[in-house]
Each structure stands twice: as structure tokens, then as C-alpha cells.
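Report on the following structure.
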Amino acid sequence: MAQFTAEEVKALREIIETHAIQEVMLRYTRAADRNDFELMQTIFWPEGTDNHGMYSGDAAGFFVRARKNRDLLTARYHITGPPRVLAWLGEQAKVETYYHYVGAFVQDDGDEVLGVCAGRYRDLFEKRAGEWRVLHRVTVYDWSESRPYEPGWEFFAIPPGINRGTVEPSDATYEPSW
């Protein structure tokens, strides 16, 4: 078999590094959607910052805020596209990742509102000791919508329990037996 050229080795390295960054983004969506505080600690560097618009400050504070809001949502999920590395800067990478978010928010009167938004995470990732994490994030919102929410559990015949997503440790993916 022929040896890899220098360009091929560089391309393979970028694929490996991009995959590692994508794993961080997948951990982020799971941590946020399942309200997994332990997993949240693996996304940002300790001095990391997060500007989500409604919150701008240290990343740890954003996760504390998210943790406090766990009972204000009855459903939530993120879908992210593959991260697009816009620039490699040595041990840093400028990364844009498209997202789509849906959450069912409980209002003071008990009614629920479905909040939907989509946009991009503009992240500065940094690699330390072989590990990529977010150093700085700005969440860019491209559109948003809210409307009254009426769950369709009965319509789809989805029974209570394991088939309905929830926060850790009750979510089906946290069960050790599967």
C-alpha cells in the first residue's frame, strides 16, 4: 500500500480533530436536553464564557441557570448539524454549528408554550492535553417562534414512562440495563 502524502496526513488529522469537536457538541446537546449537570462539566473550559443572549457570562453560570430551569420545561431537544471548522489556529479552532431547539415551557398559569428556535453556535474551541472544549461561545439566533402547546401523547398512543423523554436520571438512556 502506498504511503500517505503530507496533504493526506493533514486532511486525516483535520478529520480526527473535527470528529473530536463534534463529540463535544453531541455531549452538549445531551447535557442540555437531559439536564445532566455532570456531563455539562465536560463542554467548556473552566474559564469558558457563554453568550446565549438571555444569559451572558461564565459557562458555569449558564449551566447553573439551565439546571434551575429543569422543572420549567416538560420537553426539550436540540438537533445540531455537523460542526464546520471555519479556521484552524494551532490549538484553537473557530467553529460554526447549526442548531434547532424545541422546548415545552410551563407558564405561571400552568399552560405550556412551545418555544422553537434555530441558529448557530459560534464557538472558539481550544485543545489542551489532547482534549477539545469550548473556550468562548456566542449563540446566534436566526429565527424563533412560540405558540400554545398541546402534547400529542394520546394522538400518537405514546404511553407514560420509558417511551417519553425526560431529564436524568429518569430518561430511558440512563438506565444501566439496556
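Following the order of the C-alpha cells, chains are lettered A, B, ..., residues in each are numbered from 1, and ligands are numbered from 1.
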
Determine, for each residue of range 130-165 of chain A having at least one atom at most 12 Å from an atom of range 84-91 of chain A, the closest pair of atoms and their separation in Å to one decimal, counting only C-alpha atoms; order by chain and ascending number, as a Markdown table.
```
| residue | atom | partner | partner_atom | distance |
| --- | --- | --- | --- | --- |
| A:Gly130 | CA | A:Glu91 | CA | 9.5 |
| A:Glu131 | CA | A:Glu91 | CA | 10.0 |
| A:Trp132 | CA | A:Glu91 | CA | 8.8 |
| A:Arg133 | CA | A:Glu91 | CA | 10.8 |
| A:Val134 | CA | A:Glu91 | CA | 11.9 |
| A:Leu135 | CA | A:Glu91 | CA | 11.5 |
```

Filtering to N, CA and C atoms, could you give me those residues as a PDB file, in the first residue's frame?
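Saved file out31.pdb follows:
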```
ATOM      1  N   GLY A 130      -4.639  17.216  24.648  1.00  0.00           N
ATOM      2  CA  GLY A 130      -5.321  16.287  23.756  1.00  0.00           C
ATOM      3  C   GLY A 130      -6.835  16.356  23.770  1.00  0.00           C
ATOM      4  N   GLU A 131      -7.419  17.279  24.528  1.00  0.00           N
ATOM      5  CA  GLU A 131      -8.877  17.366  24.656  1.00  0.00           C
ATOM      6  C   GLU A 131      -9.398  18.710  24.150  1.00  0.00           C
ATOM      7  N   TRP A 132     -10.437  18.666  23.310  1.00  0.00           N
ATOM      8  CA  TRP A 132     -11.098  19.870  22.814  1.00  0.00           C
ATOM      9  C   TRP A 132     -12.269  20.223  23.736  1.00  0.00           C
ATOM     10  N   ARG A 133     -12.391  21.506  24.045  1.00  0.00           N
ATOM     11  CA  ARG A 133     -13.556  22.054  24.748  1.00  0.00           C
ATOM     12  C   ARG A 133     -13.799  23.471  24.238  1.00  0.00           C
ATOM     13  N   VAL A 134     -14.976  23.990  24.561  1.00  0.00           N
ATOM     14  CA  VAL A 134     -15.320  25.356  24.165  1.00  0.00           C
ATOM     15  C   VAL A 134     -14.665  26.332  25.135  1.00  0.00           C
ATOM     16  N   LEU A 135     -14.042  27.359  24.568  1.00  0.00           N
ATOM     17  CA  LEU A 135     -13.478  28.436  25.376  1.00  0.00           C
ATOM     18  C   LEU A 135     -14.444  29.617  25.416  1.00  0.00           C
TER      19      LEU A 135
END
```

DSSP-assigned strand (DSSP E or B) among range 7-167 of chain A, expressed as a PDB file with N, CA, C and O atoms, in the first residue's frame:
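selection20.pdb, written as the output of this step:
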```
ATOM      1  N   PHE A  44     -17.175  23.026  28.388  1.00  0.00           N
ATOM      2  CA  PHE A  44     -16.395  24.267  28.382  1.00  0.00           C
ATOM      3  C   PHE A  44     -15.167  24.124  29.271  1.00  0.00           C
ATOM      4  O   PHE A  44     -15.188  23.369  30.246  1.00  0.00           O
ATOM      5  N   TRP A  45     -14.143  24.895  28.960  1.00  0.00           N
ATOM      6  CA  TRP A  45     -13.009  25.015  29.874  1.00  0.00           C
ATOM      7  C   TRP A  45     -13.466  25.817  31.086  1.00  0.00           C
ATOM      8  O   TRP A  45     -14.423  26.597  30.994  1.00  0.00           O
ATOM      9  N   PRO A  46     -12.828  25.639  32.254  1.00  0.00           N
ATOM     10  CA  PRO A  46     -13.301  26.305  33.479  1.00  0.00           C
ATOM     11  C   PRO A  46     -13.485  27.816  33.331  1.00  0.00           C
ATOM     12  O   PRO A  46     -14.409  28.381  33.914  1.00  0.00           O
ATOM     13  N   GLU A  47     -12.651  28.474  32.556  1.00  0.00           N
ATOM     14  CA  GLU A  47     -12.782  29.929  32.370  1.00  0.00           C
ATOM     15  C   GLU A  47     -13.638  30.274  31.147  1.00  0.00           C
ATOM     16  O   GLU A  47     -13.720  31.434  30.728  1.00  0.00           O
ATOM     17  N   GLY A  48     -14.321  29.268  30.583  1.00  0.00           N
ATOM     18  CA  GLY A  48     -15.123  29.461  29.382  1.00  0.00           C
ATOM     19  C   GLY A  48     -16.278  30.429  29.583  1.00  0.00           C
ATOM     20  O   GLY A  48     -16.801  30.584  30.695  1.00  0.00           O
ATOM     21  N   THR A  49     -16.654  31.080  28.490  1.00  0.00           N
ATOM     22  CA  THR A  49     -17.771  32.026  28.528  1.00  0.00           C
ATOM     23  C   THR A  49     -18.848  31.589  27.544  1.00  0.00           C
ATOM     24  O   THR A  49     -18.581  30.902  26.556  1.00  0.00           O
ATOM     25  N   ASP A  50     -20.079  32.011  27.852  1.00  0.00           N
ATOM     26  CA  ASP A  50     -21.229  31.658  27.029  1.00  0.00           C
ATOM     27  C   ASP A  50     -22.149  32.869  26.939  1.00  0.00           C
ATOM     28  O   ASP A  50     -22.634  33.359  27.958  1.00  0.00           O
ATOM     29  N   ASN A  51     -22.378  33.350  25.722  1.00  0.00           N
ATOM     30  CA  ASN A  51     -23.327  34.430  25.481  1.00  0.00           C
ATOM     31  C   ASN A  51     -24.503  33.822  24.729  1.00  0.00           C
ATOM     32  O   ASN A  51     -24.437  33.617  23.518  1.00  0.00           O
ATOM     33  N   SER A  56     -25.369  36.041  29.511  1.00  0.00           N
ATOM     34  CA  SER A  56     -24.015  36.259  29.015  1.00  0.00           C
ATOM     35  C   SER A  56     -23.090  36.311  30.219  1.00  0.00           C
ATOM     36  O   SER A  56     -23.233  37.178  31.082  1.00  0.00           O
ATOM     37  N   GLY A  57     -22.187  35.341  30.281  1.00  0.00           N
ATOM     38  CA  GLY A  57     -21.276  35.279  31.419  1.00  0.00           C
ATOM     39  C   GLY A  57     -20.450  34.024  31.346  1.00  0.00           C
ATOM     40  O   GLY A  57     -20.244  33.456  30.265  1.00  0.00           O
ATOM     41  N   ASP A  58     -20.001  33.556  32.513  1.00  0.00           N
ATOM     42  CA  ASP A  58     -19.182  32.356  32.501  1.00  0.00           C
ATOM     43  C   ASP A  58     -20.067  31.142  32.206  1.00  0.00           C
ATOM     44  O   ASP A  58     -21.260  31.119  32.525  1.00  0.00           O
ATOM     45  N   LEU A  73     -39.532  23.092  32.064  1.00  0.00           N
ATOM     46  CA  LEU A  73     -39.740  22.517  30.736  1.00  0.00           C
ATOM     47  C   LEU A  73     -40.223  21.084  30.896  1.00  0.00           C
ATOM     48  O   LEU A  73     -39.672  20.316  31.675  1.00  0.00           O
ATOM     49  N   THR A  74     -41.256  20.736  30.138  1.00  0.00           N
ATOM     50  CA  THR A  74     -41.735  19.355  30.180  1.00  0.00           C
ATOM     51  C   THR A  74     -41.156  18.532  29.039  1.00  0.00           C
ATOM     52  O   THR A  74     -41.246  17.306  29.061  1.00  0.00           O
ATOM     53  N   ALA A  75     -40.575  19.189  28.070  1.00  0.00           N
ATOM     54  CA  ALA A  75     -39.922  18.502  26.952  1.00  0.00           C
ATOM     55  C   ALA A  75     -38.885  19.442  26.360  1.00  0.00           C
ATOM     56  O   ALA A  75     -39.046  20.657  26.409  1.00  0.00           O
ATOM     57  N   ARG A  76     -37.819  18.875  25.812  1.00  0.00           N
ATOM     58  CA  ARG A  76     -36.782  19.695  25.177  1.00  0.00           C
ATOM     59  C   ARG A  76     -35.903  18.817  24.302  1.00  0.00           C
ATOM     60  O   ARG A  76     -35.713  17.630  24.601  1.00  0.00           O
ATOM     61  N   TYR A  77     -35.423  19.397  23.224  1.00  0.00           N
ATOM     62  CA  TYR A  77     -34.385  18.708  22.452  1.00  0.00           C
ATOM     63  C   TYR A  77     -33.667  19.680  21.533  1.00  0.00           C
ATOM     64  O   TYR A  77     -34.215  20.687  21.112  1.00  0.00           O
ATOM     65  N   HIS A  78     -32.421  19.358  21.297  1.00  0.00           N
ATOM     66  CA  HIS A  78     -31.579  20.062  20.338  1.00  0.00           C
ATOM     67  C   HIS A  78     -31.253  19.102  19.200  1.00  0.00           C
ATOM     68  O   HIS A  78     -31.045  17.916  19.435  1.00  0.00           O
ATOM     69  N   ILE A  79     -31.179  19.622  18.029  1.00  0.00           N
ATOM     70  CA  ILE A  79     -30.587  18.904  16.904  1.00  0.00           C
ATOM     71  C   ILE A  79     -29.472  19.797  16.391  1.00  0.00           C
ATOM     72  O   ILE A  79     -29.686  20.990  16.164  1.00  0.00           O
ATOM     73  N   THR A  80     -28.290  19.245  16.241  1.00  0.00           N
ATOM     74  CA  THR A  80     -27.182  20.037  15.711  1.00  0.00           C
ATOM     75  C   THR A  80     -26.705  19.433  14.403  1.00  0.00           C
ATOM     76  O   THR A  80     -26.749  18.215  14.205  1.00  0.00           O
ATOM     77  N   ARG A  84     -18.740  22.958  11.547  1.00  0.00           N
ATOM     78  CA  ARG A  84     -17.940  23.433  10.408  1.00  0.00           C
ATOM     79  C   ARG A  84     -16.793  24.241  10.975  1.00  0.00           C
ATOM     80  O   ARG A  84     -17.000  25.303  11.579  1.00  0.00           O
ATOM     81  N   VAL A  85     -15.595  23.728  10.823  1.00  0.00           N
ATOM     82  CA  VAL A  85     -14.422  24.462  11.293  1.00  0.00           C
ATOM     83  C   VAL A  85     -14.108  25.532  10.256  1.00  0.00           C
ATOM     84  O   VAL A  85     -13.778  25.237   9.106  1.00  0.00           O
ATOM     85  N   LEU A  86     -14.249  26.776  10.680  1.00  0.00           N
ATOM     86  CA  LEU A  86     -14.009  27.905   9.774  1.00  0.00           C
ATOM     87  C   LEU A  86     -12.538  28.277   9.712  1.00  0.00           C
ATOM     88  O   LEU A  86     -12.080  28.803   8.708  1.00  0.00           O
ATOM     89  N   ALA A  87     -11.810  27.997  10.804  1.00  0.00           N
ATOM     90  CA  ALA A  87     -10.376  28.311  10.830  1.00  0.00           C
ATOM     91  C   ALA A  87      -9.681  27.475  11.890  1.00  0.00           C
ATOM     92  O   ALA A  87     -10.180  27.347  13.012  1.00  0.00           O
ATOM     93  N   TRP A  88      -8.561  26.881  11.518  1.00  0.00           N
ATOM     94  CA  TRP A  88      -7.679  26.197  12.460  1.00  0.00           C
ATOM     95  C   TRP A  88      -6.619  27.200  12.872  1.00  0.00           C
ATOM     96  O   TRP A  88      -5.946  27.782  12.026  1.00  0.00           O
ATOM     97  N   LEU A  89      -6.457  27.415  14.182  1.00  0.00           N
ATOM     98  CA  LEU A  89      -5.490  28.381  14.701  1.00  0.00           C
ATOM     99  C   LEU A  89      -4.584  27.688  15.712  1.00  0.00           C
ATOM    100  O   LEU A  89      -4.625  27.964  16.902  1.00  0.00           O
ATOM    101  N   GLN A  92      -6.341  26.068  18.644  1.00  0.00           N
ATOM    102  CA  GLN A  92      -7.684  26.625  18.695  1.00  0.00           C
ATOM    103  C   GLN A  92      -8.363  26.431  17.340  1.00  0.00           C
ATOM    104  O   GLN A  92      -7.696  26.275  16.321  1.00  0.00           O
ATOM    105  N   ALA A  93      -9.698  26.459  17.378  1.00  0.00           N
ATOM    106  CA  ALA A  93     -10.475  26.331  16.146  1.00  0.00           C
ATOM    107  C   ALA A  93     -11.717  27.199  16.258  1.00  0.00           C
ATOM    108  O   ALA A  93     -12.408  27.175  17.286  1.00  0.00           O
ATOM    109  N   LYS A  94     -11.975  27.982  15.209  1.00  0.00           N
ATOM    110  CA  LYS A  94     -13.224  28.737  15.119  1.00  0.00           C
ATOM    111  C   LYS A  94     -14.245  27.830  14.450  1.00  0.00           C
ATOM    112  O   LYS A  94     -14.025  27.364  13.328  1.00  0.00           O
ATOM    113  N   VAL A  95     -15.356  27.574  15.157  1.00  0.00           N
ATOM    114  CA  VAL A  95     -16.309  26.559  14.724  1.00  0.00           C
ATOM    115  C   VAL A  95     -17.718  27.136  14.689  1.00  0.00           C
ATOM    116  O   VAL A  95     -18.143  27.820  15.631  1.00  0.00           O
ATOM    117  N   GLU A  96     -18.434  26.844  13.620  1.00  0.00           N
ATOM    118  CA  GLU A  96     -19.842  27.207  13.492  1.00  0.00           C
ATOM    119  C   GLU A  96     -20.653  25.913  13.402  1.00  0.00           C
ATOM    120  O   GLU A  96     -20.354  25.042  12.583  1.00  0.00           O
ATOM    121  N   THR A  97     -21.672  25.802  14.278  1.00  0.00           N
ATOM    122  CA  THR A  97     -22.526  24.617  14.284  1.00  0.00           C
ATOM    123  C   THR A  97     -23.977  25.066  14.266  1.00  0.00           C
ATOM    124  O   THR A  97     -24.416  25.805  15.151  1.00  0.00           O
ATOM    125  N   TYR A  98     -24.708  24.630  13.254  1.00  0.00           N
ATOM    126  CA  TYR A  98     -26.131  24.957  13.168  1.00  0.00           C
ATOM    127  C   TYR A  98     -26.901  24.125  14.188  1.00  0.00           C
ATOM    128  O   TYR A  98     -26.557  22.979  14.455  1.00  0.00           O
ATOM    129  N   TYR A  99     -27.963  24.737  14.755  1.00  0.00           N
ATOM    130  CA  TYR A  99     -28.798  24.010  15.710  1.00  0.00           C
ATOM    131  C   TYR A  99     -30.277  24.322  15.476  1.00  0.00           C
ATOM    132  O   TYR A  99     -30.639  25.325  14.872  1.00  0.00           O
ATOM    133  N   HIS A 100     -31.091  23.430  15.988  1.00  0.00           N
ATOM    134  CA  HIS A 100     -32.540  23.598  16.039  1.00  0.00           C
ATOM    135  C   HIS A 100     -32.953  23.159  17.435  1.00  0.00           C
ATOM    136  O   HIS A 100     -32.569  22.080  17.887  1.00  0.00           O
ATOM    137  N   TYR A 101     -33.699  23.992  18.144  1.00  0.00           N
ATOM    138  CA  TYR A 101     -34.089  23.701  19.520  1.00  0.00           C
ATOM    139  C   TYR A 101     -35.594  23.825  19.676  1.00  0.00           C
ATOM    140  O   TYR A 101     -36.206  24.758  19.142  1.00  0.00           O
ATOM    141  N   VAL A 102     -36.181  22.887  20.411  1.00  0.00           N
ATOM    142  CA  VAL A 102     -37.602  22.916  20.741  1.00  0.00           C
ATOM    143  C   VAL A 102     -37.733  22.636  22.227  1.00  0.00           C
ATOM    144  O   VAL A 102     -37.094  21.715  22.748  1.00  0.00           O
ATOM    145  N   GLY A 103     -38.547  23.424  22.911  1.00  0.00           N
ATOM    146  CA  GLY A 103     -38.810  23.185  24.325  1.00  0.00           C
ATOM    147  C   GLY A 103     -40.253  23.502  24.655  1.00  0.00           C
ATOM    148  O   GLY A 103     -40.840  24.434  24.105  1.00  0.00           O
ATOM    149  N   ALA A 104     -40.852  22.710  25.545  1.00  0.00           N
ATOM    150  CA  ALA A 104     -42.204  22.961  26.046  1.00  0.00           C
ATOM    151  C   ALA A 104     -42.063  23.593  27.428  1.00  0.00           C
ATOM    152  O   ALA A 104     -41.632  22.944  28.381  1.00  0.00           O
ATOM    153  N   PHE A 105     -42.406  24.871  27.526  1.00  0.00           N
ATOM    154  CA  PHE A 105     -42.196  25.667  28.732  1.00  0.00           C
ATOM    155  C   PHE A 105     -43.498  25.806  29.518  1.00  0.00           C
ATOM    156  O   PHE A 105     -44.520  26.231  28.961  1.00  0.00           O
ATOM    157  N   VAL A 106     -43.457  25.482  30.819  1.00  0.00           N
ATOM    158  CA  VAL A 106     -44.621  25.632  31.692  1.00  0.00           C
ATOM    159  C   VAL A 106     -44.713  27.100  32.119  1.00  0.00           C
ATOM    160  O   VAL A 106     -43.740  27.668  32.628  1.00  0.00           O
ATOM    161  N   GLU A 112     -48.806  25.423  28.824  1.00  0.00           N
ATOM    162  CA  GLU A 112     -47.492  25.227  28.227  1.00  0.00           C
ATOM    163  C   GLU A 112     -47.380  25.986  26.916  1.00  0.00           C
ATOM    164  O   GLU A 112     -48.354  26.109  26.168  1.00  0.00           O
ATOM    165  N   VAL A 113     -46.185  26.484  26.655  1.00  0.00           N
ATOM    166  CA  VAL A 113     -45.867  27.179  25.410  1.00  0.00           C
ATOM    167  C   VAL A 113     -44.728  26.424  24.742  1.00  0.00           C
ATOM    168  O   VAL A 113     -43.745  26.060  25.398  1.00  0.00           O
ATOM    169  N   LEU A 114     -44.875  26.163  23.458  1.00  0.00           N
ATOM    170  CA  LEU A 114     -43.820  25.513  22.691  1.00  0.00           C
ATOM    171  C   LEU A 114     -42.913  26.600  22.130  1.00  0.00           C
ATOM    172  O   LEU A 114     -43.359  27.457  21.365  1.00  0.00           O
ATOM    173  N   GLY A 115     -41.666  26.582  22.548  1.00  0.00           N
ATOM    174  CA  GLY A 115     -40.678  27.523  22.039  1.00  0.00           C
ATOM    175  C   GLY A 115     -39.759  26.809  21.064  1.00  0.00           C
ATOM    176  O   GLY A 115     -39.251  25.725  21.364  1.00  0.00           O
ATOM    177  N   VAL A 116     -39.585  27.400  19.897  1.00  0.00           N
ATOM    178  CA  VAL A 116     -38.754  26.806  18.859  1.00  0.00           C
ATOM    179  C   VAL A 116     -37.792  27.885  18.377  1.00  0.00           C
ATOM    180  O   VAL A 116     -38.195  29.024  18.127  1.00  0.00           O
ATOM    181  N   CYS A 117     -36.535  27.536  18.264  1.00  0.00           N
ATOM    182  CA  CYS A 117     -35.584  28.482  17.679  1.00  0.00           C
ATOM    183  C   CYS A 117     -34.506  27.700  16.935  1.00  0.00           C
ATOM    184  O   CYS A 117     -34.302  26.513  17.163  1.00  0.00           O
ATOM    185  N   ALA A 118     -33.858  28.399  16.051  1.00  0.00           N
ATOM    186  CA  ALA A 118     -32.785  27.802  15.268  1.00  0.00           C
ATOM    187  C   ALA A 118     -31.742  28.865  15.007  1.00  0.00           C
ATOM    188  O   ALA A 118     -32.036  30.065  14.975  1.00  0.00           O
ATOM    189  N   GLY A 119     -30.537  28.411  14.823  1.00  0.00           N
ATOM    190  CA  GLY A 119     -29.449  29.346  14.572  1.00  0.00           C
ATOM    191  C   GLY A 119     -28.129  28.614  14.529  1.00  0.00           C
ATOM    192  O   GLY A 119     -28.052  27.475  14.050  1.00  0.00           O
ATOM    193  N   ARG A 120     -27.109  29.285  15.079  1.00  0.00           N
ATOM    194  CA  ARG A 120     -25.759  28.731  15.018  1.00  0.00           C
ATOM    195  C   ARG A 120     -25.021  29.010  16.322  1.00  0.00           C
ATOM    196  O   ARG A 120     -25.210  30.060  16.930  1.00  0.00           O
ATOM    197  N   TYR A 121     -24.215  28.053  16.729  1.00  0.00           N
ATOM    198  CA  TYR A 121     -23.270  28.277  17.814  1.00  0.00           C
ATOM    199  C   TYR A 121     -21.970  28.734  17.169  1.00  0.00           C
ATOM    200  O   TYR A 121     -21.435  28.060  16.287  1.00  0.00           O
ATOM    201  N   ARG A 122     -21.495  29.902  17.591  1.00  0.00           N
ATOM    202  CA  ARG A 122     -20.202  30.400  17.140  1.00  0.00           C
ATOM    203  C   ARG A 122     -19.227  30.167  18.287  1.00  0.00           C
ATOM    204  O   ARG A 122     -19.249  30.871  19.291  1.00  0.00           O
ATOM    205  N   ASP A 123     -18.433  29.124  18.144  1.00  0.00           N
ATOM    206  CA  ASP A 123     -17.561  28.688  19.232  1.00  0.00           C
ATOM    207  C   ASP A 123     -16.091  28.864  18.892  1.00  0.00           C
ATOM    208  O   ASP A 123     -15.668  28.591  17.766  1.00  0.00           O
ATOM    209  N   LEU A 124     -15.353  29.276  19.901  1.00  0.00           N
ATOM    210  CA  LEU A 124     -13.903  29.184  19.846  1.00  0.00           C
ATOM    211  C   LEU A 124     -13.538  27.981  20.705  1.00  0.00           C
ATOM    212  O   LEU A 124     -13.722  27.997  21.933  1.00  0.00           O
ATOM    213  N   PHE A 125     -13.110  26.916  20.053  1.00  0.00           N
ATOM    214  CA  PHE A 125     -12.674  25.705  20.742  1.00  0.00           C
ATOM    215  C   PHE A 125     -11.187  25.812  21.030  1.00  0.00           C
ATOM    216  O   PHE A 125     -10.450  26.451  20.272  1.00  0.00           O
ATOM    217  N   GLU A 126     -10.763  25.167  22.097  1.00  0.00           N
ATOM    218  CA  GLU A 126      -9.343  25.103  22.405  1.00  0.00           C
ATOM    219  C   GLU A 126      -9.001  23.676  22.816  1.00  0.00           C
ATOM    220  O   GLU A 126      -9.757  23.027  23.536  1.00  0.00           O
ATOM    221  N   LYS A 127      -7.844  23.213  22.351  1.00  0.00           N
ATOM    222  CA  LYS A 127      -7.363  21.871  22.669  1.00  0.00           C
ATOM    223  C   LYS A 127      -6.269  21.974  23.718  1.00  0.00           C
ATOM    224  O   LYS A 127      -5.290  22.700  23.547  1.00  0.00           O
ATOM    225  N   ARG A 128      -6.477  21.223  24.818  1.00  0.00           N
ATOM    226  CA  ARG A 128      -5.484  21.173  25.891  1.00  0.00           C
ATOM    227  C   ARG A 128      -5.265  19.714  26.270  1.00  0.00           C
ATOM    228  O   ARG A 128      -6.228  18.994  26.502  1.00  0.00           O
ATOM    229  N   GLU A 131      -7.419  17.279  24.528  1.00  0.00           N
ATOM    230  CA  GLU A 131      -8.877  17.366  24.656  1.00  0.00           C
ATOM    231  C   GLU A 131      -9.398  18.710  24.150  1.00  0.00           C
ATOM    232  O   GLU A 131      -8.877  19.761  24.527  1.00  0.00           O
ATOM    233  N   TRP A 132     -10.437  18.666  23.310  1.00  0.00           N
ATOM    234  CA  TRP A 132     -11.098  19.870  22.814  1.00  0.00           C
ATOM    235  C   TRP A 132     -12.269  20.223  23.736  1.00  0.00           C
ATOM    236  O   TRP A 132     -13.025  19.348  24.152  1.00  0.00           O
ATOM    237  N   ARG A 133     -12.391  21.506  24.045  1.00  0.00           N
ATOM    238  CA  ARG A 133     -13.556  22.054  24.748  1.00  0.00           C
ATOM    239  C   ARG A 133     -13.799  23.471  24.238  1.00  0.00           C
ATOM    240  O   ARG A 133     -12.930  24.085  23.636  1.00  0.00           O
ATOM    241  N   VAL A 134     -14.976  23.990  24.561  1.00  0.00           N
ATOM    242  CA  VAL A 134     -15.320  25.356  24.165  1.00  0.00           C
ATOM    243  C   VAL A 134     -14.665  26.332  25.135  1.00  0.00           C
ATOM    244  O   VAL A 134     -14.757  26.175  26.349  1.00  0.00           O
ATOM    245  N   LEU A 135     -14.042  27.359  24.568  1.00  0.00           N
ATOM    246  CA  LEU A 135     -13.478  28.436  25.376  1.00  0.00           C
ATOM    247  C   LEU A 135     -14.444  29.617  25.416  1.00  0.00           C
ATOM    248  O   LEU A 135     -14.693  30.192  26.474  1.00  0.00           O
ATOM    249  N   HIS A 136     -15.017  29.975  24.258  1.00  0.00           N
ATOM    250  CA  HIS A 136     -15.976  31.084  24.174  1.00  0.00           C
ATOM    251  C   HIS A 136     -17.092  30.710  23.209  1.00  0.00           C
ATOM    252  O   HIS A 136     -16.819  30.195  22.120  1.00  0.00           O
ATOM    253  N   ARG A 137     -18.325  30.992  23.617  1.00  0.00           N
ATOM    254  CA  ARG A 137     -19.486  30.718  22.752  1.00  0.00           C
ATOM    255  C   ARG A 137     -20.353  31.955  22.635  1.00  0.00           C
ATOM    256  O   ARG A 137     -20.609  32.649  23.613  1.00  0.00           O
ATOM    257  N   VAL A 138     -20.824  32.207  21.418  1.00  0.00           N
ATOM    258  CA  VAL A 138     -21.901  33.159  21.147  1.00  0.00           C
ATOM    259  C   VAL A 138     -22.976  32.376  20.410  1.00  0.00           C
ATOM    260  O   VAL A 138     -22.698  31.735  19.387  1.00  0.00           O
ATOM    261  N   THR A 139     -24.201  32.411  20.945  1.00  0.00           N
ATOM    262  CA  THR A 139     -25.318  31.755  20.281  1.00  0.00           C
ATOM    263  C   THR A 139     -25.979  32.773  19.365  1.00  0.00           C
ATOM    264  O   THR A 139     -26.410  33.837  19.817  1.00  0.00           O
ATOM    265  N   VAL A 140     -26.029  32.447  18.084  1.00  0.00           N
ATOM    266  CA  VAL A 140     -26.632  33.313  17.069  1.00  0.00           C
ATOM    267  C   VAL A 140     -28.008  32.740  16.747  1.00  0.00           C
ATOM    268  O   VAL A 140     -28.129  31.572  16.373  1.00  0.00           O
ATOM    269  N   TYR A 141     -29.046  33.550  16.916  1.00  0.00           N
ATOM    270  CA  TYR A 141     -30.417  33.116  16.635  1.00  0.00           C
ATOM    271  C   TYR A 141     -30.816  33.596  15.243  1.00  0.00           C
ATOM    272  O   TYR A 141     -30.795  34.788  14.971  1.00  0.00           O
ATOM    273  N   ASP A 142     -31.178  32.667  14.374  1.00  0.00           N
ATOM    274  CA  ASP A 142     -31.630  33.029  13.031  1.00  0.00           C
ATOM    275  C   ASP A 142     -33.142  33.162  12.955  1.00  0.00           C
ATOM    276  O   ASP A 142     -33.649  33.905  12.128  1.00  0.00           O
ATOM    277  N   TRP A 143     -33.868  32.449  13.796  1.00  0.00           N
ATOM    278  CA  TRP A 143     -35.316  32.620  13.887  1.00  0.00           C
ATOM    279  C   TRP A 143     -35.820  31.989  15.170  1.00  0.00           C
ATOM    280  O   TRP A 143     -35.149  31.147  15.775  1.00  0.00           O
ATOM    281  N   SER A 144     -37.010  32.410  15.585  1.00  0.00           N
ATOM    282  CA  SER A 144     -37.632  31.830  16.776  1.00  0.00           C
ATOM    283  C   SER A 144     -39.144  31.929  16.636  1.00  0.00           C
ATOM    284  O   SER A 144     -39.667  32.740  15.866  1.00  0.00           O
ATOM    285  N   GLU A 145     -39.827  31.084  17.399  1.00  0.00           N
ATOM    286  CA  GLU A 145     -41.284  31.052  17.344  1.00  0.00           C
ATOM    287  C   GLU A 145     -41.782  30.519  18.690  1.00  0.00           C
ATOM    288  O   GLU A 145     -41.126  29.701  19.324  1.00  0.00           O
ATOM    289  N   SER A 146     -42.949  30.987  19.115  1.00  0.00           N
ATOM    290  CA  SER A 146     -43.603  30.403  20.287  1.00  0.00           C
ATOM    291  C   SER A 146     -45.093  30.309  19.992  1.00  0.00           C
ATOM    292  O   SER A 146     -45.649  31.133  19.264  1.00  0.00           O
ATOM    293  N   ARG A 147     -45.703  29.276  20.564  1.00  0.00           N
ATOM    294  CA  ARG A 147     -47.140  29.066  20.366  1.00  0.00           C
ATOM    295  C   ARG A 147     -47.651  28.164  21.487  1.00  0.00           C
ATOM    296  O   ARG A 147     -46.867  27.438  22.102  1.00  0.00           O
ATOM    297  N   PRO A 148     -48.963  28.195  21.735  1.00  0.00           N
ATOM    298  CA  PRO A 148     -49.510  27.285  22.748  1.00  0.00           C
ATOM    299  C   PRO A 148     -49.169  25.838  22.394  1.00  0.00           C
ATOM    300  O   PRO A 148     -49.110  25.471  21.222  1.00  0.00           O
TER     301      PRO A 148
END
```

Task: Filtered DSSP result for chain A, state helix (DSSP H, G or I), as JSON, numbers by chain - done: {"A": [6, 7, 8, 9, 10, 11, 12, 13, 14, 15, 16, 17, 18, 19, 20, 21, 22, 23, 24, 25, 26, 27, 28, 29, 30, 31, 32, 33, 34, 37, 38, 39, 40, 59, 60, 61, 62, 63, 64, 65, 66, 67, 68, 69, 70, 71, 72, 172, 173, 174]}

| query | Just how far from CA of Gln41 in chain A is CA of Leu12 in chain A, in Å to one decimal? | reply |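 It comes out at 28.6 Å.
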
*For CA of Asp171 in chain A and CA of Lys68 in chain A, determine how far apart the two atoms are, in Å to one decimal place.*
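Interatomic distance, CA of Asp171 in chain A to CA of Lys68 in chain A: 18.0 Å.
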
**OP:** Compile the contact shell of Glu38 in chain A as an NGL selection string: residues with an atom at most 12 Å away, counting only C-alpha atoms, same-chain residues fewer than 6 positions apart removed.
**Re:** :A and (27-28 or 30-32 or 60 or 63-64 or 67 or 168-169)

Which residues are close to Gln22 in chain A, i.e. within 8 Å by only C-alpha atoms, leaving aside same-chain residues fewer than 3 positions away? Reply as a list in words.
Thr18, His19, Met25, Leu26, Pro82 and Pro83 of chain A
